[in-house]
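Colleague: Have a peek at my_file-v2.txt (compact mmCIF, C-alpha atoms).
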```txt
# COMPACT_ATOMS: atom_id res chain seq x y z
CA MET A 29 36.87 -198.63 11.37
CA ILE A 30 38.40 -201.82 10.02
CA ALA A 31 41.88 -203.16 10.71
CA LEU A 32 43.83 -205.79 8.81
CA GLY A 33 46.10 -207.86 11.07
CA LEU A 34 49.06 -209.92 9.84
CA GLU A 35 50.86 -212.42 12.11
CA GLY A 36 53.84 -214.67 11.37
CA SER A 37 56.27 -214.68 14.29
CA ALA A 38 56.47 -218.49 14.51
CA ASN A 39 55.14 -221.30 12.33
CA LYS A 40 51.53 -220.06 12.26
CA LEU A 41 50.63 -217.52 9.57
CA GLY A 42 47.51 -215.58 10.49
CA VAL A 43 45.43 -212.94 8.70
CA GLY A 44 42.47 -211.27 10.40
CA LEU A 45 40.05 -208.44 9.73
CA ILE A 46 38.27 -206.77 12.62
CA ARG A 47 35.69 -203.99 12.70
CA HIS A 48 35.22 -201.52 15.52
CA ASP A 49 31.89 -199.72 15.15
CA MET A 50 32.63 -196.43 16.86
CA SER A 51 28.99 -195.31 17.00
CA THR A 52 28.38 -197.23 20.25
CA THR A 53 30.01 -196.89 23.68
CA PRO A 54 32.00 -198.99 24.04
CA PRO A 55 32.59 -199.64 20.32
CA THR A 56 30.98 -202.81 18.93
CA VAL A 57 33.68 -205.24 17.92
CA THR A 58 33.04 -207.68 15.07
CA ILE A 59 35.40 -210.31 13.73
CA LEU A 60 35.03 -210.19 9.95
CA SER A 61 37.48 -212.99 9.18
CA ASN A 62 40.25 -214.91 10.94
CA LEU A 63 42.28 -217.27 8.77
CA ARG A 64 45.40 -219.25 9.55
CA HIS A 65 47.85 -221.50 7.71
CA THR A 66 50.34 -223.51 9.78
CA TYR A 67 53.74 -224.84 8.76
CA HIS A 68 54.18 -228.43 10.06
CA PRO A 69 57.66 -229.94 9.88
CA PRO A 70 57.93 -233.76 9.77
CA PRO A 71 57.71 -235.69 13.09
CA GLY A 72 60.91 -235.54 15.11
CA GLU A 73 61.81 -232.10 13.74
CA GLY A 74 61.22 -228.53 14.78
CA PHE A 75 60.49 -225.59 12.47
CA LEU A 76 63.57 -223.70 11.29
CA PRO A 77 63.57 -219.97 10.41
CA LYS A 78 64.35 -220.31 6.69
CA ASP A 79 61.66 -222.91 6.02
CA THR A 80 59.14 -221.05 8.14
CA ALA A 81 59.78 -217.77 6.31
CA LEU A 82 59.40 -219.54 2.98
CA HIS A 83 56.10 -221.03 4.12
CA HIS A 84 54.78 -217.62 5.11
CA ARG A 85 55.87 -216.00 1.84
CA SER A 86 54.20 -218.82 -0.10
CA HIS A 87 50.84 -218.55 1.61
CA ILE A 88 50.34 -214.98 2.77
CA LEU A 89 48.93 -213.40 -0.38
CA GLU A 90 46.31 -216.11 -0.85
CA LEU A 91 45.41 -215.88 2.84
CA ILE A 92 44.94 -212.10 2.63
CA LYS A 93 42.79 -212.45 -0.51
CA ASN A 94 40.62 -215.09 1.16
CA ALA A 95 40.31 -213.08 4.36
CA MET A 96 39.15 -210.01 2.47
CA ALA A 97 36.72 -212.07 0.39
CA GLU A 98 35.23 -213.68 3.49
CA ALA A 99 34.91 -210.27 5.14
CA LYS A 100 33.42 -208.89 1.91
CA ILE A 101 35.68 -205.85 1.98
CA THR A 102 37.95 -204.11 -0.49
CA PRO A 103 41.15 -202.15 0.15
CA LYS A 104 39.32 -198.84 0.47
CA ASP A 105 37.37 -200.21 3.48
CA ILE A 106 40.56 -200.81 5.49
CA SER A 107 41.49 -198.08 7.96
CA VAL A 108 44.85 -199.38 9.16
CA ILE A 109 47.27 -202.24 8.51
CA CYS A 110 48.66 -203.95 11.62
CA PHE A 111 51.50 -206.45 11.68
CA THR A 112 53.63 -208.24 14.26
CA LYS A 113 56.78 -206.23 14.97
CA GLY A 114 58.07 -208.83 17.40
CA PRO A 115 59.04 -210.80 19.38
CA GLY A 116 59.64 -213.91 17.32
CA MET A 117 61.74 -215.35 14.50
CA GLY A 118 63.49 -212.75 12.34
CA GLY A 119 63.01 -214.07 8.81
CA PRO A 120 59.35 -214.99 9.23
CA LEU A 121 58.57 -211.66 10.92
CA THR A 122 60.27 -209.63 8.18
CA SER A 123 58.61 -211.60 5.39
CA VAL A 124 55.19 -210.67 6.78
CA ALA A 125 56.17 -207.08 7.58
CA THR A 126 57.37 -206.64 3.99
CA VAL A 127 53.88 -207.45 2.74
CA ALA A 128 52.31 -205.10 5.30
CA ARG A 129 54.57 -202.25 4.18
CA THR A 130 53.93 -202.88 0.49
CA LEU A 131 50.15 -202.91 0.93
CA ALA A 132 50.29 -199.80 3.12
CA LEU A 133 52.23 -197.85 0.50
CA MET A 134 50.15 -199.09 -2.43
CA TRP A 135 46.84 -198.39 -0.69
CA SER A 136 48.03 -195.30 1.24
CA LYS A 137 47.23 -196.74 4.67
CA GLU A 138 48.87 -196.19 8.04
CA LEU A 139 50.84 -199.00 9.66
CA VAL A 140 50.84 -200.15 13.28
CA GLY A 141 53.59 -202.50 14.51
CA VAL A 142 52.18 -204.70 17.26
CA ASN A 143 53.82 -206.57 20.12
CA HIS A 144 52.83 -210.24 19.72
CA CYS A 145 52.31 -210.76 23.49
CA VAL A 146 50.09 -207.67 23.78
CA GLY A 147 48.10 -209.05 20.85
CA HIS A 148 47.38 -212.23 22.79
CA ILE A 149 46.39 -210.26 25.89
CA GLU A 150 44.06 -207.85 24.08
CA MET A 151 42.29 -210.63 22.17
CA GLY A 152 41.88 -212.60 25.38
CA ARG A 153 40.34 -209.56 27.10
CA GLN A 154 38.05 -208.88 24.16
CA ILE A 155 36.77 -212.44 23.78
CA THR A 156 36.36 -213.31 27.47
CA GLY A 157 35.41 -209.91 28.86
CA ALA A 158 37.79 -210.47 31.79
CA ASP A 159 38.05 -207.18 33.64
CA ASN A 160 41.52 -207.00 35.17
CA PRO A 161 42.94 -210.52 35.37
CA VAL A 162 46.36 -211.89 36.07
CA VAL A 163 47.40 -213.09 32.62
CA LEU A 164 49.28 -216.32 32.07
CA TYR A 165 50.77 -216.14 28.59
CA VAL A 166 52.07 -219.56 27.60
CA SER A 167 53.20 -220.64 24.15
CA GLY A 168 56.05 -222.28 22.30
CA GLY A 169 58.03 -219.07 22.40
CA ASN A 170 56.87 -217.27 25.54
CA THR A 171 56.00 -217.96 29.18
CA GLN A 172 55.09 -214.93 31.26
CA VAL A 173 52.85 -214.06 34.19
CA ILE A 174 51.56 -210.57 33.47
CA ALA A 175 49.39 -208.00 35.20
CA TYR A 176 48.33 -204.54 34.04
CA ALA A 177 49.41 -201.55 36.08
CA GLU A 178 49.64 -197.89 35.10
CA LYS A 179 49.69 -198.11 31.30
CA ARG A 180 51.96 -201.16 31.03
CA TYR A 181 51.56 -204.91 30.98
CA ARG A 182 54.05 -205.71 33.74
CA ILE A 183 55.89 -209.01 33.73
CA PHE A 184 55.60 -210.47 37.22
CA GLY A 185 57.35 -213.72 36.44
CA GLU A 186 58.62 -215.64 33.46
CA ALA A 187 60.50 -218.68 32.23
CA LEU A 188 64.22 -218.10 32.74
CA ASP A 189 65.37 -220.30 29.90
CA ILE A 190 62.87 -221.87 27.52
CA ALA A 191 59.13 -221.46 27.20
CA VAL A 192 56.84 -224.19 28.51
CA GLY A 193 55.58 -224.82 24.97
CA ASN A 194 59.14 -225.20 23.74
CA CYS A 195 59.74 -227.80 26.46
CA LEU A 196 56.64 -229.73 25.40
CA ASP A 197 57.37 -229.40 21.65
CA ARG A 198 60.94 -230.65 22.04
CA PHE A 199 59.81 -233.60 24.12
CA ALA A 200 57.29 -234.45 21.39
CA ARG A 201 60.26 -234.80 19.00
CA VAL A 202 61.89 -237.34 21.32
CA LEU A 203 58.70 -239.41 21.17
CA ASN A 204 58.41 -238.80 17.42
CA LEU A 205 54.88 -237.46 17.78
CA PRO A 206 53.39 -235.75 14.72
CA ASN A 207 53.59 -231.94 14.52
CA ASP A 208 50.13 -231.82 12.95
CA PRO A 209 48.04 -230.07 14.21
CA ALA A 210 50.59 -229.17 16.91
CA PRO A 211 53.06 -231.25 18.95
CA GLY A 212 51.55 -229.93 22.20
CA TYR A 213 48.09 -231.05 21.13
CA ASN A 214 49.37 -234.58 20.50
CA ILE A 215 51.11 -234.67 23.88
CA GLU A 216 47.83 -233.60 25.50
CA GLN A 217 45.87 -236.41 23.83
CA LEU A 218 48.47 -239.02 24.75
CA ALA A 219 48.68 -237.72 28.33
CA LYS A 220 44.99 -238.48 28.84
CA LYS A 221 45.88 -242.19 28.70
CA GLY A 222 48.71 -241.85 31.23
CA THR A 223 48.29 -243.30 34.70
CA LYS A 224 51.71 -243.30 36.36
CA LEU A 225 53.28 -240.12 37.68
CA ILE A 226 57.06 -240.02 37.35
CA ASP A 227 58.97 -237.78 39.75
CA LEU A 228 60.43 -235.04 37.52
CA PRO A 229 62.48 -231.94 38.33
CA TYR A 230 60.16 -229.15 39.47
CA ILE A 231 61.85 -225.77 39.24
CA VAL A 232 60.19 -222.60 40.51
CA LYS A 233 62.39 -219.68 41.56
CA GLY A 234 60.24 -217.11 43.30
CA MET A 235 58.06 -215.67 40.57
CA ASP A 236 60.03 -217.33 37.77
CA VAL A 237 60.12 -220.85 36.34
CA SER A 238 62.75 -222.91 34.56
CA PHE A 239 62.09 -225.74 32.11
CA SER A 240 65.47 -226.72 30.68
CA GLY A 241 66.18 -229.00 33.64
CA VAL A 242 62.99 -231.03 33.33
CA LEU A 243 63.45 -231.21 29.55
CA THR A 244 67.03 -232.49 29.84
CA TYR A 245 65.94 -235.00 32.47
CA ILE A 246 63.07 -236.43 30.49
CA GLU A 247 64.98 -236.40 27.18
CA THR A 248 67.86 -238.28 28.81
CA ASN A 249 65.77 -240.79 30.74
CA ALA A 250 62.88 -241.43 28.36
CA PRO A 251 64.56 -244.28 26.44
CA ALA A 252 65.43 -246.17 29.63
CA LEU A 253 62.05 -245.52 31.23
CA LEU A 254 60.23 -246.80 28.15
CA ALA A 255 62.58 -249.76 27.68
CA SER A 256 62.04 -250.89 31.26
CA GLY A 257 58.45 -251.70 30.38
CA GLU A 258 57.26 -249.95 33.53
CA TYR A 259 56.19 -246.72 31.86
CA THR A 260 54.48 -245.90 28.59
CA LYS A 261 54.80 -242.84 26.37
CA ALA A 262 51.43 -241.80 27.77
CA ASP A 263 52.82 -241.92 31.32
CA LEU A 264 55.73 -239.70 30.27
CA CYS A 265 53.43 -237.16 28.63
CA PHE A 266 51.12 -237.21 31.63
CA SER A 267 54.01 -236.72 34.09
CA LEU A 268 55.55 -233.89 32.09
CA GLN A 269 52.27 -232.00 31.81
CA GLU A 270 51.41 -232.42 35.49
CA THR A 271 54.85 -231.14 36.49
CA VAL A 272 55.19 -228.12 34.22
CA PHE A 273 51.56 -227.07 34.61
CA ALA A 274 51.83 -227.24 38.41
CA MET A 275 54.80 -224.89 38.19
CA LEU A 276 52.72 -222.43 36.17
CA VAL A 277 49.76 -222.67 38.56
CA GLU A 278 52.10 -221.95 41.50
CA THR A 279 53.57 -218.78 40.01
CA THR A 280 50.18 -217.59 38.77
CA GLU A 281 48.74 -218.06 42.24
CA ARG A 282 51.66 -216.12 43.72
CA ALA A 283 50.87 -213.20 41.40
CA MET A 284 47.18 -213.33 42.29
CA ALA A 285 48.07 -213.20 45.99
CA HIS A 286 50.38 -210.21 45.49
CA ILE A 287 47.81 -208.22 43.54
CA GLY A 288 44.67 -209.43 45.27
CA SER A 289 43.20 -210.52 41.93
CA LYS A 290 40.48 -213.14 41.53
CA GLU A 291 40.70 -213.60 37.78
CA VAL A 292 43.16 -215.54 35.63
CA LEU A 293 43.23 -215.15 31.86
CA ILE A 294 45.21 -217.83 30.01
CA VAL A 295 46.42 -216.87 26.53
CA GLY A 296 48.87 -218.35 24.04
CA GLY A 297 48.93 -221.71 22.26
CA VAL A 298 49.55 -223.75 25.42
CA GLY A 299 46.41 -222.08 26.82
CA CYS A 300 44.35 -224.42 24.61
CA ASN A 301 45.41 -227.30 26.85
CA MET A 302 42.36 -228.47 28.81
CA ARG A 303 44.43 -230.03 31.60
CA LEU A 304 46.19 -226.70 32.23
CA GLN A 305 42.82 -224.94 32.30
CA GLU A 306 41.50 -227.56 34.71
CA MET A 307 44.44 -227.28 37.10
CA MET A 308 44.31 -223.49 37.00
CA ALA A 309 40.56 -223.54 37.68
CA GLN A 310 41.03 -225.76 40.73
CA MET A 311 43.50 -223.24 42.17
CA ALA A 312 41.39 -220.22 41.25
CA GLU A 313 38.23 -221.70 42.77
CA GLN A 314 40.06 -222.36 46.02
CA ARG A 315 40.69 -218.62 46.11
CA GLY A 316 37.09 -217.74 45.18
CA GLY A 317 38.15 -216.77 41.68
CA LYS A 318 37.76 -217.99 38.11
CA VAL A 319 39.70 -218.77 34.96
CA PHE A 320 39.13 -217.24 31.53
CA ALA A 321 40.38 -218.95 28.42
CA THR A 322 39.68 -218.82 24.69
CA ASP A 323 39.40 -221.55 22.09
CA GLU A 324 41.97 -222.44 19.43
CA ARG A 325 40.76 -219.68 17.09
CA PHE A 326 42.25 -217.11 19.46
CA CYS A 327 44.74 -218.77 21.79
CA ILE A 328 46.84 -220.13 18.94
CA ASP A 329 48.73 -217.38 17.07
CA ASN A 330 46.34 -215.55 14.76
CA GLY A 331 45.99 -212.37 12.74
CA ILE A 332 42.86 -211.07 14.44
CA MET A 333 44.69 -210.48 17.73
CA ILE A 334 47.21 -208.31 15.88
CA ALA A 335 44.36 -206.37 14.28
CA GLN A 336 42.70 -205.94 17.69
CA ALA A 337 45.80 -204.72 19.56
CA GLY A 338 46.72 -202.58 16.57
CA ILE A 339 43.34 -200.91 16.22
CA LEU A 340 43.26 -200.11 19.95
CA ALA A 341 46.60 -198.34 19.64
CA TYR A 342 45.51 -196.64 16.41
CA GLN A 343 42.43 -195.25 18.15
CA THR A 344 44.71 -193.41 20.58
CA GLY A 345 46.50 -191.77 17.64
CA TYR A 346 49.39 -194.23 17.52
CA THR A 347 50.94 -195.25 14.21
CA THR A 348 54.33 -196.69 13.25
CA PRO A 349 56.19 -194.56 10.68
CA LEU A 350 57.53 -196.58 7.75
CA GLU A 351 61.17 -196.25 8.75
CA LYS A 352 60.30 -197.82 12.14
CA THR A 353 58.46 -200.84 10.75
CA TRP A 354 61.49 -203.12 11.12
CA CYS A 355 61.04 -206.31 13.10
CA THR A 356 62.81 -207.43 16.24
CA GLN A 357 63.28 -210.86 17.76
CA ARG A 358 63.27 -209.43 21.28
CA PHE A 359 60.40 -207.15 22.29
CA ARG A 360 59.47 -207.03 25.94
CA THR A 361 55.78 -206.95 26.80
CA ASP A 362 56.26 -203.97 29.10
CA GLU A 363 57.91 -201.90 26.37
CA VAL A 364 54.46 -201.08 25.00
CA PHE A 365 52.71 -197.98 26.32
CA VAL A 366 49.12 -199.14 26.81
CA ALA A 367 47.53 -195.80 26.08
CA TRP A 368 44.08 -197.29 25.51
CA ARG A 369 43.56 -198.37 29.15
CA GLU A 370 43.14 -196.31 32.30
CA MET B 17 86.34 -184.40 20.33
CA ALA B 18 84.68 -185.82 17.25
CA ALA B 19 82.81 -189.10 17.72
CA ALA B 20 84.71 -192.06 16.33
CA THR B 21 83.12 -193.62 13.30
CA THR B 22 83.98 -196.86 11.64
CA THR B 23 84.97 -196.29 8.06
CA THR B 24 85.51 -199.23 5.82
CA THR B 25 87.83 -198.66 2.91
CA THR B 26 86.31 -199.64 -0.39
CA SER B 27 88.98 -202.30 -0.86
CA ALA B 28 87.69 -204.20 2.18
CA LEU B 29 84.26 -204.57 0.60
CA SER B 30 85.79 -206.01 -2.53
CA GLU B 31 82.97 -208.25 -3.70
CA ARG B 32 80.29 -206.37 -5.62
CA LEU B 33 77.06 -207.08 -7.40
CA THR B 34 74.53 -204.74 -8.93
CA LEU B 35 70.96 -205.78 -9.68
CA GLN B 36 68.64 -203.66 -11.79
CA ILE B 37 65.02 -204.66 -11.60
CA PRO B 38 62.42 -203.04 -13.84
CA PHE B 39 58.98 -202.30 -12.46
CA PRO B 40 55.77 -201.45 -14.34
CA SER B 41 56.00 -197.83 -13.18
CA ALA B 42 58.22 -195.35 -11.32
CA ARG B 43 55.64 -195.30 -8.53
CA LEU B 44 55.94 -199.05 -7.94
CA ALA B 45 59.73 -198.97 -8.15
CA LYS B 46 59.78 -196.26 -5.48
CA ILE B 47 57.39 -198.25 -3.27
CA ALA B 48 59.63 -201.31 -3.57
CA ALA B 49 62.70 -199.22 -2.68
CA ASP B 50 60.98 -197.71 0.37
CA VAL B 51 59.75 -201.10 1.60
CA LEU B 52 63.14 -202.80 1.25
CA ASP B 53 65.13 -199.94 2.72
CA VAL B 54 63.44 -200.28 6.12
CA ASP B 55 65.57 -203.34 6.89
CA LYS B 56 69.07 -201.99 7.41
CA ASP B 57 72.35 -203.88 6.96
CA LEU B 58 72.98 -206.11 9.96
CA LYS B 59 76.76 -205.73 9.78
CA PRO B 60 77.62 -202.73 7.63
CA GLU B 61 81.34 -203.28 8.20
CA VAL B 62 81.20 -206.47 6.15
CA SER B 63 78.10 -206.09 4.01
CA GLN B 64 76.34 -203.05 2.58
CA ARG B 65 73.34 -202.71 0.34
CA LEU B 66 72.50 -199.44 -1.40
CA ILE B 67 69.01 -199.02 -2.78
CA SER B 68 68.08 -196.45 -5.40
CA THR B 69 65.57 -195.89 -8.16
CA GLN B 70 65.82 -194.30 -11.58
CA ASP B 71 62.38 -193.95 -13.17
CA ASN B 72 60.94 -197.47 -13.11
CA ILE B 73 64.24 -199.24 -12.43
CA LEU B 74 65.07 -200.40 -8.91
CA THR B 75 68.82 -200.70 -8.39
CA LEU B 76 70.35 -202.77 -5.59
CA ASP B 77 74.11 -202.31 -5.09
CA PHE B 78 75.73 -204.96 -2.91
CA GLN B 79 79.25 -204.67 -1.46
CA THR B 80 80.67 -207.35 0.82
CA THR B 81 83.99 -208.58 2.13
CA THR B 82 83.54 -212.17 0.95
CA LEU B 83 81.82 -214.00 -1.89
CA LYS B 84 79.90 -216.16 0.55
CA LEU B 85 78.43 -213.09 2.22
CA LEU B 86 77.55 -211.68 -1.17
CA ARG B 87 75.60 -214.81 -2.09
CA THR B 88 73.78 -214.77 1.26
CA VAL B 89 72.77 -211.13 1.17
CA VAL B 90 71.77 -211.22 -2.50
CA ASN B 91 69.67 -214.35 -1.95
CA SER B 92 67.82 -212.95 1.05
CA SER B 93 67.28 -209.61 -0.68
CA MET B 94 65.86 -211.38 -3.71
CA GLU B 95 63.45 -213.27 -1.47
CA MET B 96 62.10 -209.93 -0.20
CA VAL B 97 62.07 -208.39 -3.70
CA GLN B 98 60.05 -211.37 -4.88
CA MET B 99 57.63 -210.92 -1.97
CA VAL B 100 57.15 -207.24 -2.85
CA VAL B 101 56.69 -207.98 -6.55
CA ASN B 102 54.19 -210.76 -5.89
CA THR B 103 52.25 -208.54 -3.50
CA MET B 104 52.07 -205.82 -6.13
CA GLY B 105 51.01 -208.33 -8.74
CA THR B 106 48.21 -209.67 -6.57
CA PHE B 107 46.87 -206.47 -5.10
CA ASP B 108 47.94 -203.24 -6.79
CA THR B 109 45.30 -200.64 -7.25
CA GLU B 110 46.65 -197.75 -9.25
CA ALA B 111 43.60 -195.63 -8.61
CA GLU B 112 44.06 -195.00 -4.88
CA ALA B 113 42.89 -191.50 -4.02
```
Could you rewrite the structure in this file as structure tokens?

Modeller:
Amino acid sequence: MIALGLEGSANKLGVGLIRHDMSTTPPTVTILSNLRHTYHPPPGEGFLPKDTALHHRSHILELIKNAMAEAKITPKDISVICFTKGPGMGGPLTSVATVARTLALMWSKELVGVNHCVGHIEMGRQITGADNPVVLYVSGGNTQVIAYAEKRYRIFGEALDIAVGNCLDRFARVLNLPNDPAPGYNIEQLAKKGTKLIDLPYIVKGMDVSFSGVLTYIETNAPALLASGEYTKADLCFSLQETVFAMLVETTERAMAHIGSKEVLIVGGVGCNMRLQEMMAQMAEQRGGKVFATDERFCIDNGIMIAQAGILAYQTGYTTPLEKTWCTQRFRTDEVFVAWRE
Amino acid sequence: MAAATTTTTTSALSERLTLQIPFPSARLAKIAADVLDVDKDLKPEVSQRLISTQDNILTLDFQTTTLKLLRTVVNSSMEMVQMVVNTMGTFDTEAEA
């Protein structure tokens, strides 16, 4: 069976087509196409809901056409249409869901509304083959430490205020770094040239983390630090990354210790960051474990992860009736009944 | 005891606008109506949208308390109508079994 996946909860618009060949056990999974178009605001700015929704509406039809052409499929080949129900930004989510609904009614296909976080997790599992890892989900909109137990992805710890990616993205605005390809990517490149570690607020509360304090501190003090001539922008980027990533490694390790797990799976856009992967690997190896991560095709928001999580639910008999295909900005990861796992 | 419901007198929703949008067929008008109707009014006490079809005509009836709200809800509805129409224009297959 083939699933179409549509994703647009933030500034990345993703369309993916995935095939599950049910004749093998387990089914053979093939990615038929995975296309993305990203909305980049000018340097110094963040992406606002209205502009982001307009971007998605402007590009989605072309993206779907191209995805189907690359996959060499026609509407009759599609078994189910999957879309992001939430969490995320309201206007962008609804713009994409509107297209999903329209196609479903025109082509007489079932719909599956997918939780964005579960999409990340399921694609990470599929690509890496990680068996039962502690999942660190880190992006511009989400920061959660997750582990699977009894049909739910349980949130062990999370950011109490803003996501780690949001902290990084907003600091990139202070430095006027470009948003293309992503502000976090540009911070990562600049951080590689940093040499001095500035003492920044480090806030871990049990299993949870907090980033608004370190963001306020570095936003407030960056001009003076740079003007003093003692520190460069690279030093600031380096210090911020080292601090926030150490916080994430600490809470991930705490979860691993509680569960007795030896595997860490990092998903979400911030998961592309090589320094984070490196720091996490150092911790995991000390515990005799290992880190799983995917490349930018899958850790950055994409449509194929929505198709994957959607098709897994669909295979258990789950569909979303039309009247329930509304979108929601808040959608907890543990709200989803993970029927497809033991 | 009957549950309390909020009723808004028609005079409170004094600003009105009706849009009638023709579609190539009754089938497509109905699809558009069904797609749009999933997203309910956020604040029905100040803004209501009624969706109906008559043959190939999609009718959107807006009632709001203020003109500013009317502009906002009509604009955002039109953005979604446009999305539906463009999707139909790009992809419709009449001959779906």

Colleague: Could you check which of B:Gln70, B:Thr80, B:Asn102, B:Ser93 is closest to Lys46 of chain B, using only C-alpha atoms?

Modeller: B:Gln70

Colleague: Residues of chain A within 6 Å of chain B, using all atoms listed in the file, as a list in words?

Modeller: Arg129, Glu351 and Trp354 of chain A

Colleague: Can you work out which one of A:Val166, A:Ala191, A:Ala252, A:Ala283 has the shortest atom-to-atom distance to Val298 of chain A, counting all atoms listed in the file?

Modeller: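 Using all atoms listed in the file, Val298 of chain A sits closest to A:Val166.
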
Colleague: Around (48.4, -209.5, 1.0) in the file's own coordinates, what residues are found within 8 Å if you use all atoms listed in the file, given back as a PyMOL selection string?

Modeller: (chain A and resi 88-93+127-128+131) or (chain B and resi 103+106-107)

Colleague: For the selection just defined, write its residues with C-alpha atoms to a file, as a PDB file, in the frame of the given file.

Modeller:
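Listing of out_3.pdb after writing:
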```
ATOM      1  CA  ILE A  88      50.340-214.980   2.770  1.00  0.00           C
ATOM      2  CA  LEU A  89      48.930-213.400  -0.380  1.00  0.00           C
ATOM      3  CA  GLU A  90      46.310-216.110  -0.850  1.00  0.00           C
ATOM      4  CA  LEU A  91      45.410-215.880   2.840  1.00  0.00           C
ATOM      5  CA  ILE A  92      44.940-212.100   2.630  1.00  0.00           C
ATOM      6  CA  LYS A  93      42.790-212.450  -0.510  1.00  0.00           C
ATOM      7  CA  VAL A 127      53.880-207.450   2.740  1.00  0.00           C
ATOM      8  CA  ALA A 128      52.310-205.100   5.300  1.00  0.00           C
ATOM      9  CA  LEU A 131      50.150-202.910   0.930  1.00  0.00           C
TER      10      LEU A 131
ATOM     11  CA  THR B 103      52.250-208.540  -3.500  1.00  0.00           C
ATOM     12  CA  THR B 106      48.210-209.670  -6.570  1.00  0.00           C
ATOM     13  CA  PHE B 107      46.870-206.470  -5.100  1.00  0.00           C
TER      14      PHE B 107
END
```

Colleague: Quick one: pull the distance between atom CA of Ser68 of chain B and atom CA of Pro38 of chain B, Å, one decimal.

Modeller: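 Those two atoms sit 12.1 Å apart.
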
Colleague: As a PDB file, in the frame of the given file, could you write out segment 150-154 of chain A once it has been completed with all heavy atoms?

Modeller:
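selection.pdb was written with the following content:
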```
ATOM      1  N   GLU A 150      45.221-208.658  24.474  1.00  0.00           N
ATOM      2  CA  GLU A 150      44.060-207.850  24.080  1.00  0.00           C
ATOM      3  C   GLU A 150      42.955-208.706  23.468  1.00  0.00           C
ATOM      4  O   GLU A 150      41.766-208.444  23.654  1.00  0.00           O
ATOM      5  CB  GLU A 150      44.470-206.736  23.120  1.00  0.00           C
ATOM      6  CG  GLU A 150      45.280-205.620  23.783  1.00  0.00           C
ATOM      7  CD  GLU A 150      44.566-204.975  24.960  1.00  0.00           C
ATOM      8  OE1 GLU A 150      43.322-205.082  25.079  1.00  0.00           O
ATOM      9  OE2 GLU A 150      45.256-204.368  25.807  1.00  0.00           O
ATOM     10  N   MET A 151      43.333-209.754  22.729  1.00  0.00           N
ATOM     11  CA  MET A 151      42.290-210.630  22.170  1.00  0.00           C
ATOM     12  C   MET A 151      41.634-211.420  23.277  1.00  0.00           C
ATOM     13  O   MET A 151      40.419-211.627  23.267  1.00  0.00           O
ATOM     14  CB  MET A 151      42.887-211.555  21.103  1.00  0.00           C
ATOM     15  CG  MET A 151      41.855-212.002  20.101  1.00  0.00           C
ATOM     16  SD  MET A 151      41.178-210.563  19.243  1.00  0.00           S
ATOM     17  CE  MET A 151      39.535-211.140  18.890  1.00  0.00           C
ATOM     18  N   GLY A 152      42.435-211.872  24.244  1.00  0.00           N
ATOM     19  CA  GLY A 152      41.880-212.600  25.380  1.00  0.00           C
ATOM     20  C   GLY A 152      40.888-211.739  26.154  1.00  0.00           C
ATOM     21  O   GLY A 152      39.798-212.188  26.520  1.00  0.00           O
ATOM     22  N   ARG A 153      41.250-210.479  26.387  1.00  0.00           N
ATOM     23  CA  ARG A 153      40.340-209.560  27.100  1.00  0.00           C
ATOM     24  C   ARG A 153      39.066-209.352  26.314  1.00  0.00           C
ATOM     25  O   ARG A 153      37.960-209.359  26.878  1.00  0.00           O
ATOM     26  CB  ARG A 153      41.019-208.195  27.295  1.00  0.00           C
ATOM     27  CG  ARG A 153      42.156-208.181  28.288  1.00  0.00           C
ATOM     28  CD  ARG A 153      42.714-206.758  28.416  1.00  0.00           C
ATOM     29  NE  ARG A 153      41.726-205.838  28.942  1.00  0.00           N
ATOM     30  CZ  ARG A 153      41.468-204.625  28.431  1.00  0.00           C
ATOM     31  NH1 ARG A 153      42.120-204.176  27.388  1.00  0.00           N
ATOM     32  NH2 ARG A 153      40.547-203.854  28.979  1.00  0.00           N
ATOM     33  N   GLN A 154      39.207-209.181  24.994  1.00  0.00           N
ATOM     34  CA  GLN A 154      38.050-208.880  24.160  1.00  0.00           C
ATOM     35  C   GLN A 154      37.081-210.065  24.137  1.00  0.00           C
ATOM     36  O   GLN A 154      35.883-209.899  24.326  1.00  0.00           O
ATOM     37  CB  GLN A 154      38.522-208.545  22.731  1.00  0.00           C
ATOM     38  CG  GLN A 154      37.421-208.345  21.717  1.00  0.00           C
ATOM     39  CD  GLN A 154      36.493-207.203  22.088  1.00  0.00           C
ATOM     40  OE1 GLN A 154      36.931-206.180  22.602  1.00  0.00           O
ATOM     41  NE2 GLN A 154      35.211-207.389  21.839  1.00  0.00           N
TER      42      GLN A 154
END
```
